>>> print(open('input.cif').read())   # mmCIF, C-alpha atoms
data_work
#
loop_
_atom_site.label_atom_id
_atom_site.label_comp_id
_atom_site.auth_asym_id
_atom_site.auth_seq_id
_atom_site.Cartn_x
_atom_site.Cartn_y
_atom_site.Cartn_z
CA GLN A 1 2.51 -131.25 -35.00
CA VAL A 2 1.06 -127.88 -34.13
CA GLN A 3 -0.32 -125.44 -36.68
CA LEU A 4 -0.50 -121.73 -35.90
CA ALA A 5 -2.43 -118.99 -37.64
CA GLU A 6 -2.17 -115.31 -36.78
CA SER A 7 -4.75 -112.64 -37.44
CA GLY A 8 -4.70 -108.91 -36.93
CA GLY A 9 -1.89 -106.55 -37.78
CA GLY A 10 -1.93 -103.72 -40.26
CA LEU A 11 -1.11 -100.03 -40.37
CA VAL A 12 -1.53 -97.79 -37.34
CA GLN A 13 -0.40 -94.29 -36.42
CA PRO A 14 2.14 -93.69 -33.66
CA GLY A 15 0.42 -93.79 -30.29
CA GLY A 16 -2.30 -96.06 -31.60
CA SER A 17 -3.33 -99.57 -30.65
CA LEU A 18 -3.54 -102.88 -32.44
CA GLY A 19 -4.38 -106.43 -31.47
CA LEU A 20 -3.07 -109.74 -32.73
CA SER A 21 -4.49 -113.17 -32.16
CA CYS A 22 -3.09 -116.65 -32.69
CA ALA A 23 -5.09 -119.80 -33.20
CA ALA A 24 -3.44 -123.16 -32.61
CA SER A 25 -4.57 -126.53 -33.89
CA GLY A 26 -3.21 -130.04 -34.00
CA SER A 27 -1.32 -131.45 -31.02
CA THR A 28 -2.07 -128.49 -28.75
CA PHE A 29 -1.85 -130.72 -25.67
CA SER A 30 1.93 -130.57 -26.15
CA ILE A 31 2.15 -126.77 -25.87
CA ASN A 32 3.95 -125.45 -22.80
CA THR A 33 4.54 -121.80 -23.70
CA MET A 34 2.74 -119.45 -26.07
CA GLY A 35 4.33 -116.29 -27.38
CA TRP A 36 4.95 -113.58 -29.89
CA TYR A 37 8.18 -112.71 -31.66
CA ARG A 38 8.94 -109.99 -34.17
CA GLN A 39 11.48 -109.36 -36.87
CA ALA A 40 12.21 -105.92 -38.27
CA PRO A 41 14.05 -105.45 -41.58
CA GLY A 42 17.74 -106.16 -41.17
CA LYS A 43 17.34 -107.36 -37.60
CA GLN A 44 17.15 -110.71 -35.88
CA ARG A 45 13.90 -112.17 -34.70
CA GLU A 46 13.30 -111.24 -31.07
CA LEU A 47 10.95 -112.25 -28.30
CA VAL A 48 8.16 -109.76 -27.67
CA ALA A 49 6.10 -111.55 -25.04
CA ALA A 50 5.39 -115.05 -23.80
CA ILE A 51 2.92 -116.71 -21.49
CA ALA A 52 3.30 -120.11 -19.94
CA ARG A 53 0.50 -122.61 -19.65
CA GLY A 54 0.28 -121.71 -15.97
CA GLY A 55 -0.07 -118.00 -16.75
CA THR A 56 3.40 -116.63 -16.03
CA THR A 57 4.27 -113.87 -18.49
CA ASN A 58 7.53 -112.52 -19.83
CA TYR A 59 8.03 -109.32 -21.84
CA ALA A 60 10.83 -107.68 -23.75
CA GLY A 61 11.93 -104.54 -21.96
CA SER A 62 11.09 -102.42 -24.98
CA VAL A 63 7.39 -103.33 -24.82
CA GLU A 64 6.77 -103.77 -21.10
CA GLY A 65 3.93 -101.56 -19.95
CA ARG A 66 2.65 -101.09 -23.51
CA PHE A 67 1.95 -104.63 -24.72
CA THR A 68 -0.12 -107.31 -23.02
CA ILE A 69 -0.14 -111.00 -23.80
CA SER A 70 -3.14 -113.07 -22.78
CA ARG A 71 -4.68 -116.41 -23.58
CA ASP A 72 -8.02 -118.17 -23.57
CA ASN A 73 -6.33 -121.55 -23.40
CA VAL A 74 -3.55 -123.29 -25.33
CA LYS A 75 -5.57 -122.98 -28.53
CA ARG A 76 -5.83 -119.20 -28.68
CA TRP A 77 -3.75 -116.33 -27.41
CA TYR A 78 -3.48 -112.62 -28.01
CA LEU A 79 -1.15 -109.63 -28.06
CA GLN A 80 -2.66 -106.25 -27.29
CA MET A 81 -0.32 -103.47 -28.39
CA ASN A 82 -0.87 -99.94 -27.08
CA SER A 83 1.12 -96.72 -27.42
CA LEU A 84 2.72 -98.07 -30.57
CA LYS A 85 5.95 -96.54 -31.81
CA PRO A 86 7.54 -96.56 -35.27
CA GLU A 87 10.23 -98.88 -33.89
CA ASP A 88 7.53 -101.49 -33.25
CA THR A 89 7.21 -101.91 -37.01
CA ALA A 90 8.01 -105.52 -37.86
CA ILE A 91 6.61 -108.84 -38.91
CA TYR A 92 5.06 -110.43 -35.84
CA TYR A 93 5.14 -114.20 -35.47
CA CYS A 94 3.04 -116.38 -33.26
CA ASN A 95 5.11 -119.04 -31.45
CA ALA A 96 4.35 -122.19 -29.53
CA LYS A 97 6.94 -124.14 -27.57
CA THR A 98 6.20 -127.70 -26.61
CA TYR A 99 7.23 -129.65 -23.53
CA SER A 100 9.81 -131.39 -25.72
CA ARG A 101 11.30 -128.00 -26.67
CA VAL A 102 10.05 -127.96 -30.23
CA ASP A 103 9.19 -124.54 -31.69
CA TYR A 104 6.26 -123.96 -34.00
CA TRP A 105 5.69 -120.73 -35.90
CA GLY A 106 2.87 -118.91 -37.60
CA GLN A 107 3.25 -117.41 -41.04
CA GLY A 108 3.76 -113.89 -39.68
CA THR A 109 1.70 -110.73 -39.89
CA GLN A 110 2.94 -107.26 -40.73
CA VAL A 111 2.58 -104.44 -38.22
CA THR A 112 3.47 -100.99 -39.50
CA VAL A 113 3.49 -97.94 -37.24
CA SER A 114 3.64 -94.79 -39.32
CA SER A 115 1.97 -91.44 -39.73
#
>>> encode(input="input.cif", output="structure tokens")
Amino acid sequence: QVQLAESGGGLVQPGGSLGLSCAASGSTFSINTMGWYRQAPGKQRELVAAIARGGTTNYAGSVEGRFTISRDNVKRWYLQMNSLKPEDTAIYYCNAKTYSRVDYWGQGTQVTVSS
């Protein structure tokens, strides 16, 4: 079992920046990929960014060039969000995928981009 806890999030004006962090505990040795997803009201949850244990990153087209995912190790990773837009408003979820293809999720943190 892997437990995830996000921190960060909040209210920011358009064009502003915000950072999220995720702390993992438990069977972290089993984590292969670390990531961030988001879900806006009335929409499906979508991948925002992911980083593999080896460092390879993957971004949604809508955030590429504005968001950066990084990690210290498999126990902590981050999402730096710059040039935020109102359409980035959503609940952001920390995600860990294990080598056995099991998904673990954080509780979610609200990000609101509004003037």
>>> resolve_selection(input="input.cif", expression="the PyMOL selection byres ((chain A and resi 105-114) around 6)", output="JSON, numbers by chain")
{"A": [4, 5, 9, 10, 11, 12, 13, 14, 86, 89, 90, 91, 92, 93, 94, 95, 104, 115]}
>>> closest_residue(input="input.cif", among="A:Gln3, A:Leu20, A:Gly54, A:Ala96", to="Met81 of chain A", atoms="all atoms listed in the file")
A:Leu20
>>> resolve_selection(input="input.cif", expression="the PyMOL selection byres ((chain A and resi 71) around 10)", output="MDAnalysis selection string")
chainID A and resid 21:22 34:35 51:53 55 69:70 72:79
>>> axis_aligned_box(input="input.cif", around="segment 81-90 of chain A", padding_each_side="5 Å", output="JSON")
{"center_x": 4.7, "center_y": -101.0, "center_z": -32.5, "size_x": 21.1, "size_y": 19.0, "size_z": 20.8}
>>> residues_around(input="input.cif", residues="Val102 of chain A", least_positions_apart="4", cutoff="12 Å", atoms="all atoms listed in the file", output="list in words")
Gln1, Val2, Ser27, Ser30, Ile31, Asn32, Thr33, Met34, Asn95, Ala96, Lys97 and Thr98 of chain A
>>> closest_residue(input="input.cif", among="A:Thr57, A:Thr68, A:Ser83, A:Gln39", to="Gly15 of chain A", atoms="all atoms listed in the file")
A:Ser83
>>> closest_residue(input="input.cif", among="A:Phe29, A:Trp36, A:Asn58, A:Arg101", to="Gln80 of chain A", atoms="only C-alpha atoms")
A:Trp36
>>> atom_distance(input="input.cif", atom1="atom CA of Gly19 of chain A", atom2="atom CA of Ala49 of chain A")
13.3 Å
>>> atom_distance(input="input.cif", atom1="atom CA of Ala40 of chain A", atom2="atom CA of Asp88 of chain A")
8.2 Å
>>> atom_distance(input="input.cif", atom1="atom CA of Lys43 of chain A", atom2="atom CA of Ala24 of chain A")
26.6 Å
>>> resolve_selection(input="input.cif", expression="the PyMOL selection byres ((chain A and resi 60) around 8)", output="list in words")
Leu47, Val48, Ala49, Asn58, Tyr59, Gly61, Ser62, Val63 and Glu64 of chain A
>>> decode(input="input.cif", residues="chain A", atoms="C-alpha atoms", output="PDB file, in the first residue's frame")
ATOM      1  CA  GLN A   1       0.000   0.000   0.000  1.00  0.00           C
ATOM      2  CA  VAL A   2       1.061   3.537  -0.788  1.00  0.00           C
ATOM      3  CA  GLN A   3      -0.327   6.605   0.932  1.00  0.00           C
ATOM      4  CA  LEU A   4      -0.205  10.001  -0.765  1.00  0.00           C
ATOM      5  CA  ALA A   5      -0.688  13.449   0.699  1.00  0.00           C
ATOM      6  CA  GLU A   6      -0.793  16.643  -1.337  1.00  0.00           C
ATOM      7  CA  SER A   7      -0.029  20.126  -0.129  1.00  0.00           C
ATOM      8  CA  GLY A   8      -0.266  23.481  -1.813  1.00  0.00           C
ATOM      9  CA  GLY A   9      -3.084  24.738  -3.966  1.00  0.00           C
ATOM     10  CA  GLY A  10      -5.349  27.675  -3.321  1.00  0.00           C
ATOM     11  CA  LEU A  11      -6.540  30.788  -5.098  1.00  0.00           C
ATOM     12  CA  VAL A  12      -4.357  32.636  -7.595  1.00  0.00           C
ATOM     13  CA  GLN A  13      -4.947  35.337 -10.186  1.00  0.00           C
ATOM     14  CA  PRO A  14      -4.627  34.615 -13.900  1.00  0.00           C
ATOM     15  CA  GLY A  15      -0.986  34.735 -14.925  1.00  0.00           C
ATOM     16  CA  GLY A  16       0.147  33.803 -11.443  1.00  0.00           C
ATOM     17  CA  SER A  17       2.078  30.817 -10.137  1.00  0.00           C
ATOM     18  CA  LEU A  18       1.388  28.068  -7.656  1.00  0.00           C
ATOM     19  CA  GLY A  19       3.216  24.982  -6.472  1.00  0.00           C
ATOM     20  CA  LEU A  20       1.940  21.606  -5.355  1.00  0.00           C
ATOM     21  CA  SER A  21       3.826  18.885  -3.566  1.00  0.00           C
ATOM     22  CA  CYS A  22       3.065  15.233  -2.926  1.00  0.00           C
ATOM     23  CA  ALA A  23       4.479  13.118  -0.139  1.00  0.00           C
ATOM     24  CA  ALA A  24       4.366   9.347  -0.442  1.00  0.00           C
ATOM     25  CA  SER A  25       4.676   6.811   2.337  1.00  0.00           C
ATOM     26  CA  GLY A  26       4.255   3.091   2.738  1.00  0.00           C
ATOM     27  CA  SER A  27       5.482   0.731   0.024  1.00  0.00           C
ATOM     28  CA  THR A  28       7.197   3.452  -2.001  1.00  0.00           C
ATOM     29  CA  PHE A  29       9.705   0.931  -3.379  1.00  0.00           C
ATOM     30  CA  SER A  30       6.875  -0.255  -5.641  1.00  0.00           C
ATOM     31  CA  ILE A  31       6.344   3.133  -7.321  1.00  0.00           C
ATOM     32  CA  ASN A  32       7.264   3.313 -10.993  1.00  0.00           C
ATOM     33  CA  THR A  33       5.641   6.579 -12.090  1.00  0.00           C
ATOM     34  CA  MET A  34       4.668   9.691 -10.166  1.00  0.00           C
ATOM     35  CA  GLY A  35       2.168  12.186 -11.488  1.00  0.00           C
ATOM     36  CA  TRP A  36      -0.522  14.775 -11.217  1.00  0.00           C
ATOM     37  CA  TYR A  37      -4.076  14.611 -12.529  1.00  0.00           C
ATOM     38  CA  ARG A  38      -6.862  17.156 -12.356  1.00  0.00           C
ATOM     39  CA  GLN A  39     -10.619  17.151 -12.512  1.00  0.00           C
ATOM     40  CA  ALA A  40     -12.675  20.225 -13.305  1.00  0.00           C
ATOM     41  CA  PRO A  41     -16.407  20.396 -12.533  1.00  0.00           C
ATOM     42  CA  GLY A  42     -18.385  18.343 -15.020  1.00  0.00           C
ATOM     43  CA  LYS A  43     -15.271  16.933 -16.663  1.00  0.00           C
ATOM     44  CA  GLN A  44     -13.342  13.704 -16.478  1.00  0.00           C
ATOM     45  CA  ARG A  45     -10.128  13.402 -14.554  1.00  0.00           C
ATOM     46  CA  GLU A  46      -7.179  14.031 -16.857  1.00  0.00           C
ATOM     47  CA  LEU A  47      -3.432  13.610 -16.744  1.00  0.00           C
ATOM     48  CA  VAL A  48      -1.549  16.846 -16.168  1.00  0.00           C
ATOM     49  CA  ALA A  49       2.027  15.621 -15.874  1.00  0.00           C
ATOM     50  CA  ALA A  50       3.958  12.504 -14.976  1.00  0.00           C
ATOM     51  CA  ILE A  51       7.541  11.591 -14.254  1.00  0.00           C
ATOM     52  CA  ALA A  52       8.982   8.122 -14.318  1.00  0.00           C
ATOM     53  CA  ARG A  53      11.398   6.800 -11.751  1.00  0.00           C
ATOM     54  CA  GLY A  54      14.153   7.258 -14.326  1.00  0.00           C
ATOM     55  CA  GLY A  55      13.216  10.905 -14.893  1.00  0.00           C
ATOM     56  CA  THR A  56      11.299  10.806 -18.170  1.00  0.00           C
ATOM     57  CA  THR A  57       8.462  13.342 -18.123  1.00  0.00           C
ATOM     58  CA  ASN A  58       5.141  13.563 -19.897  1.00  0.00           C
ATOM     59  CA  TYR A  59       2.824  16.580 -20.049  1.00  0.00           C
ATOM     60  CA  ALA A  60      -0.677  17.307 -21.252  1.00  0.00           C
ATOM     61  CA  GLY A  61      -0.544  19.572 -24.265  1.00  0.00           C
ATOM     62  CA  SER A  62      -2.581  22.212 -22.484  1.00  0.00           C
ATOM     63  CA  VAL A  63       0.072  22.710 -19.787  1.00  0.00           C
ATOM     64  CA  GLU A  64       3.318  22.064 -21.649  1.00  0.00           C
ATOM     65  CA  GLY A  65       5.668  25.001 -21.284  1.00  0.00           C
ATOM     66  CA  ARG A  66       3.771  26.340 -18.271  1.00  0.00           C
ATOM     67  CA  PHE A  67       3.871  23.482 -15.755  1.00  0.00           C
ATOM     68  CA  THR A  68       6.900  21.561 -14.538  1.00  0.00           C
ATOM     69  CA  ILE A  69       6.911  18.261 -12.713  1.00  0.00           C
ATOM     70  CA  SER A  70       9.930  17.322 -10.639  1.00  0.00           C
ATOM     71  CA  ARG A  71      10.860  14.907  -7.909  1.00  0.00           C
ATOM     72  CA  ASP A  72      13.304  14.504  -5.061  1.00  0.00           C
ATOM     73  CA  ASN A  73      12.855  10.742  -5.105  1.00  0.00           C
ATOM     74  CA  VAL A  74       9.897   8.361  -5.088  1.00  0.00           C
ATOM     75  CA  LYS A  75       8.769   9.786  -1.750  1.00  0.00           C
ATOM     76  CA  ARG A  76       8.228  13.387  -2.813  1.00  0.00           C
ATOM     77  CA  TRP A  77       7.383  15.116  -6.055  1.00  0.00           C
ATOM     78  CA  TYR A  78       6.179  18.511  -7.148  1.00  0.00           C
ATOM     79  CA  LEU A  79       4.170  20.420  -9.727  1.00  0.00           C
ATOM     80  CA  GLN A  80       5.186  24.000 -10.423  1.00  0.00           C
ATOM     81  CA  MET A  81       2.421  25.845 -12.250  1.00  0.00           C
ATOM     82  CA  ASN A  82       3.208  29.136 -13.987  1.00  0.00           C
ATOM     83  CA  SER A  83       1.156  31.418 -16.229  1.00  0.00           C
ATOM     84  CA  LEU A  84      -2.013  29.985 -14.766  1.00  0.00           C
ATOM     85  CA  LYS A  85      -5.272  30.368 -16.655  1.00  0.00           C
ATOM     86  CA  PRO A  86      -8.877  30.192 -15.447  1.00  0.00           C
ATOM     87  CA  GLU A  87      -9.226  26.897 -17.319  1.00  0.00           C
ATOM     88  CA  ASP A  88      -6.596  25.401 -15.020  1.00  0.00           C
ATOM     89  CA  THR A  89      -9.127  25.592 -12.193  1.00  0.00           C
ATOM     90  CA  ALA A  90      -9.713  22.077 -10.905  1.00  0.00           C
ATOM     91  CA  ILE A  91      -9.073  19.659  -8.101  1.00  0.00           C
ATOM     92  CA  TYR A  92      -5.532  18.378  -8.511  1.00  0.00           C
ATOM     93  CA  TYR A  93      -4.718  14.826  -7.481  1.00  0.00           C
ATOM     94  CA  CYS A  94      -1.369  13.310  -6.752  1.00  0.00           C
ATOM     95  CA  ASN A  95      -0.942   9.875  -8.373  1.00  0.00           C
ATOM     96  CA  ALA A  96       1.474   7.009  -8.017  1.00  0.00           C
ATOM     97  CA  LYS A  97       1.567   4.019 -10.337  1.00  0.00           C
ATOM     98  CA  THR A  98       3.316   0.881  -9.215  1.00  0.00           C
ATOM     99  CA  TYR A  99       5.253  -1.669 -11.234  1.00  0.00           C
ATOM    100  CA  SER A 100       2.220  -3.954 -10.906  1.00  0.00           C
ATOM    101  CA  ARG A 101       0.020  -1.246 -12.477  1.00  0.00           C
ATOM    102  CA  VAL A 102      -1.838  -0.312  -9.327  1.00  0.00           C
ATOM    103  CA  ASP A 103      -2.897   3.336  -9.002  1.00  0.00           C
ATOM    104  CA  TYR A 104      -2.821   5.230  -5.744  1.00  0.00           C
ATOM    105  CA  TRP A 105      -4.375   8.656  -5.259  1.00  0.00           C
ATOM    106  CA  GLY A 106      -4.104  11.571  -2.903  1.00  0.00           C
ATOM    107  CA  GLN A 107      -7.148  13.252  -1.436  1.00  0.00           C
ATOM    108  CA  GLY A 108      -7.012  16.139  -3.910  1.00  0.00           C
ATOM    109  CA  THR A 109      -6.328  19.836  -3.511  1.00  0.00           C
ATOM    110  CA  GLN A 110      -8.304  22.690  -5.013  1.00  0.00           C
ATOM    111  CA  VAL A 111      -6.632  25.105  -7.412  1.00  0.00           C
ATOM    112  CA  THR A 112      -8.706  28.124  -8.391  1.00  0.00           C
ATOM    113  CA  VAL A 113      -7.512  30.651 -10.958  1.00  0.00           C
ATOM    114  CA  SER A 114      -9.653  33.752 -10.812  1.00  0.00           C
ATOM    115  CA  SER A 115      -9.402  37.506 -10.613  1.00  0.00           C
TER     116      SER A 115
END
